[in-house]
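Novice: Structure below; questions to follow.
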Amino acid sequence: MSNPPYYLLAPGPVSIPKSILDTLSLPMIHHRTPEFTNILLRVLTRLKPLFQTQNPVLLLPTTGSGAMEAALVNSLSPGDEILIIQAGKFGERWTQIAQAYGITPHIIDIKWGEKASKSLVETQLKKHPNIKALCIQACETSTAVDHPIKDICEIFKNDSQKIIIVDAITALVYQNIPMDKWGIDILLGGSQKAFMLPTGLSLISLSQKAWSFYASAKCPRFYLDLKKELNANKKGQTFFSSLVTHIRSLDAVLNFFDDQGLEFIQKKALNIQQAINLSAKELGLNIFSTSTTVTAIEFPESIKASVLQKKLITQYNITVAGGQEHLKDRIIRLSHMGDISKLAIEAFFIALIIELQKLDFNITSEQNDNVKKIINDCMSTTNA
Ligand SMILES: Cc1ncc(COP(=O)(O)O)c(C=O)c1O
């Protein structure tokens with residue numbers, strides 16, 4: 001018997017469309033060649049409108065966490081004070097990086113599943129007037145929460161002494177984040193989310209204000225020195241050996257975005273979000289939280305979400321993400337990003353219903369039929 005099809009529904013890495021997979025398997029070319037220089041320069045130019053910035057966008061041969069580290073070490077010095085929105089696993093990562101470099105973090109601890117607010121940030125800035133940067137996620141993937149970036153940016157826009165650093169690794173493309181207009185100083189992305197590539201390439205852009213912070217930043221840096229990368233890019237190169245396969249495929253991803261249109265891609269994610277949210281509610285399940293790109297479904301105490309997650313992969317070939325830390329047995333998280341078909345969402349809910357029924361969770365045939373109808377109604381207009 002052949003294996004059932006594989007459905008990847010985790011919020012990164014995400015399912016990759018066939019046209020991009022084809023580009024990923026093209027023969028290798030060397031990075032110091034006119035052919036690669038053309039691709040690199042084209043990709044760097046095409047990323048600016050996506051970041052909605054006039055400033056350069058740089059590509060780093062690191063996962064998303066490398067771009068987070070680059071943001072801090074290129075703008076700050078040991079002993080500097082920063083403010084961190086800690087509303088989940090990735091907020092905590094800011095704190096861990098800051099501590100590794102002797103930067104002093106002041107933490108705004110937010111209950112997992114809840115959002116930051118402009119007033120919370122203002123209150124902390126009053127308490128700690130020397131703060132030089134705010135670090136935040138546009139989407140905190142571990143809890144499926146979008147923070148109100150536009151509102152919070154207003155605090156920083158006209159303050160030349162403070163910058164705002166936004167991790168948009170799970171937000172770019174799907175959320176509209178106009179970097180220059182909102183006054184974001186450092187904006188980050190990662191290849192394995194909206195860019196639908198394998199993990200390993202990160203994206204970062206700095207405002208003029210952030211580049212002026214670079215000039216006085218004393219954190220040690222070598223591999224992540226962004227000026228070196230910027231200068232190499234001016235010569236049509238990357239500073240270290242280039243991620244040829246990722247960067248060439250990113251060009252194909254940008255073609256894919258152009259062909260489909262960002263509006264369509266965002267609408268598709270919204271339809272997936274609705275299909276997941278309404279179907280889960282139809283089954284009597286609670287939505288822990290839902291963001292533009294991820295939904296976290298919460299299970300009653302009697303059901304261990306981590307066991308359910310394992311069953312989905314071992315018995316149905318469906319990968320979803322589990323909850324982290326205290327949410328491990330409470331939630332599973334589903335992506336709205338990537339190449340997700342109606343069939344994939346149907347397969348997930350069919351498997352979920354079978355497993356819930358085995359656990360004596362009562363689901364009527366009417367609920368079953370309603371879920372099918374909900375998925376069909378929500379997703380048929382944007383199903384690939
Ligand atoms: C919002 C956010 N920030 C940072 C990261 C870390 O990225 P990476 O695992 O690629 O280092 C992730 C990864 O899932 C993320 O979702």
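Each chain of the structure tokens is named A, B, ... in the order shown, its residues numbered from 1; ligands are numbered from 1 in display order.
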Pick out the residues no farther than 6 Å from ligand 1, counting only C-alpha atoms and all ligand atoms, and list them as JSON, numbers by chain.
Specialist: {"A": [63, 64, 65, 90, 137, 139, 140, 141, 167, 169, 170]}
Novice: Extract, using only C-alpha atoms, all DNA, RNA and protein residues at most 6 Å from Ala321 of chain A, discarding same-chain residues fewer than 3 positions from it, and format them as number ranges by chain.
Specialist: A: 10, 332-333
Novice: Please identify which residues in segment 9-247 of chain A DSSP calls helix (DSSP H, G or I) from the backbone, and express them as a VMD selection string.
Specialist: chain A and resid 18 to 24 34 to 51 64 to 73 89 to 100 118 to 127 149 to 157 179 to 182 208 to 216 226 to 234 244 to 247
Novice: Between atom CA of Ile20 of chain A and atom CA of Gly322 of chain A, what is the distance in Å, rounded to a tenth?
Specialist: 26.9 Å
Novice: So what do you get for atom CA of Lys132 of chain A versus atom CA of Glu81 of chain A, distance-wise?
Specialist: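 Atom CA of Glu81 of chain A lies 6.0 Å from atom CA of Lys132 of chain A.
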Novice: Which is closer to Ile39 of chain A than all the others in A:Ile350, A:Ala269, A:Ala252, A:Ile375, using only C-alpha atoms?
Specialist: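 Under the stated criterion, the closest residue is A:Ala252.
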Novice: Can you list, as a list of chain:residue names, every protein, DNA or RNA residue that comes within 8 Å of Pro78 of chain A when you count only C-alpha atoms, leaving out same-chain residues fewer than 2 positions away?
Specialist: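 Using only C-alpha atoms, the neighbours found are A:Leu76, A:Asp80, A:Tyr101, A:Gly102, A:Ile103, A:Thr104, A:Lys218, A:Cys219.
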Novice: So that I can see what lies close to Gln52 of chain A, please list as a list in words the residues with an atom at most 8 Å from it, counting only C-alpha atoms and leaving out residues fewer than 4 positions away in the same chain.
Specialist: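 That gives Lys48, Ile177, Pro178, Met179, Asp180 and Lys181 of chain A.
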Novice: Find the spatial neighbours of Cys153 of chain A, counting only C-alpha atoms, within a cut-off of 10 Å - ignore same-chain residues fewer than 2 positions away - and output them as number ranges by chain.
Specialist: A: 118, 134, 148-151, 155-158, 163-166, 179, 181-185
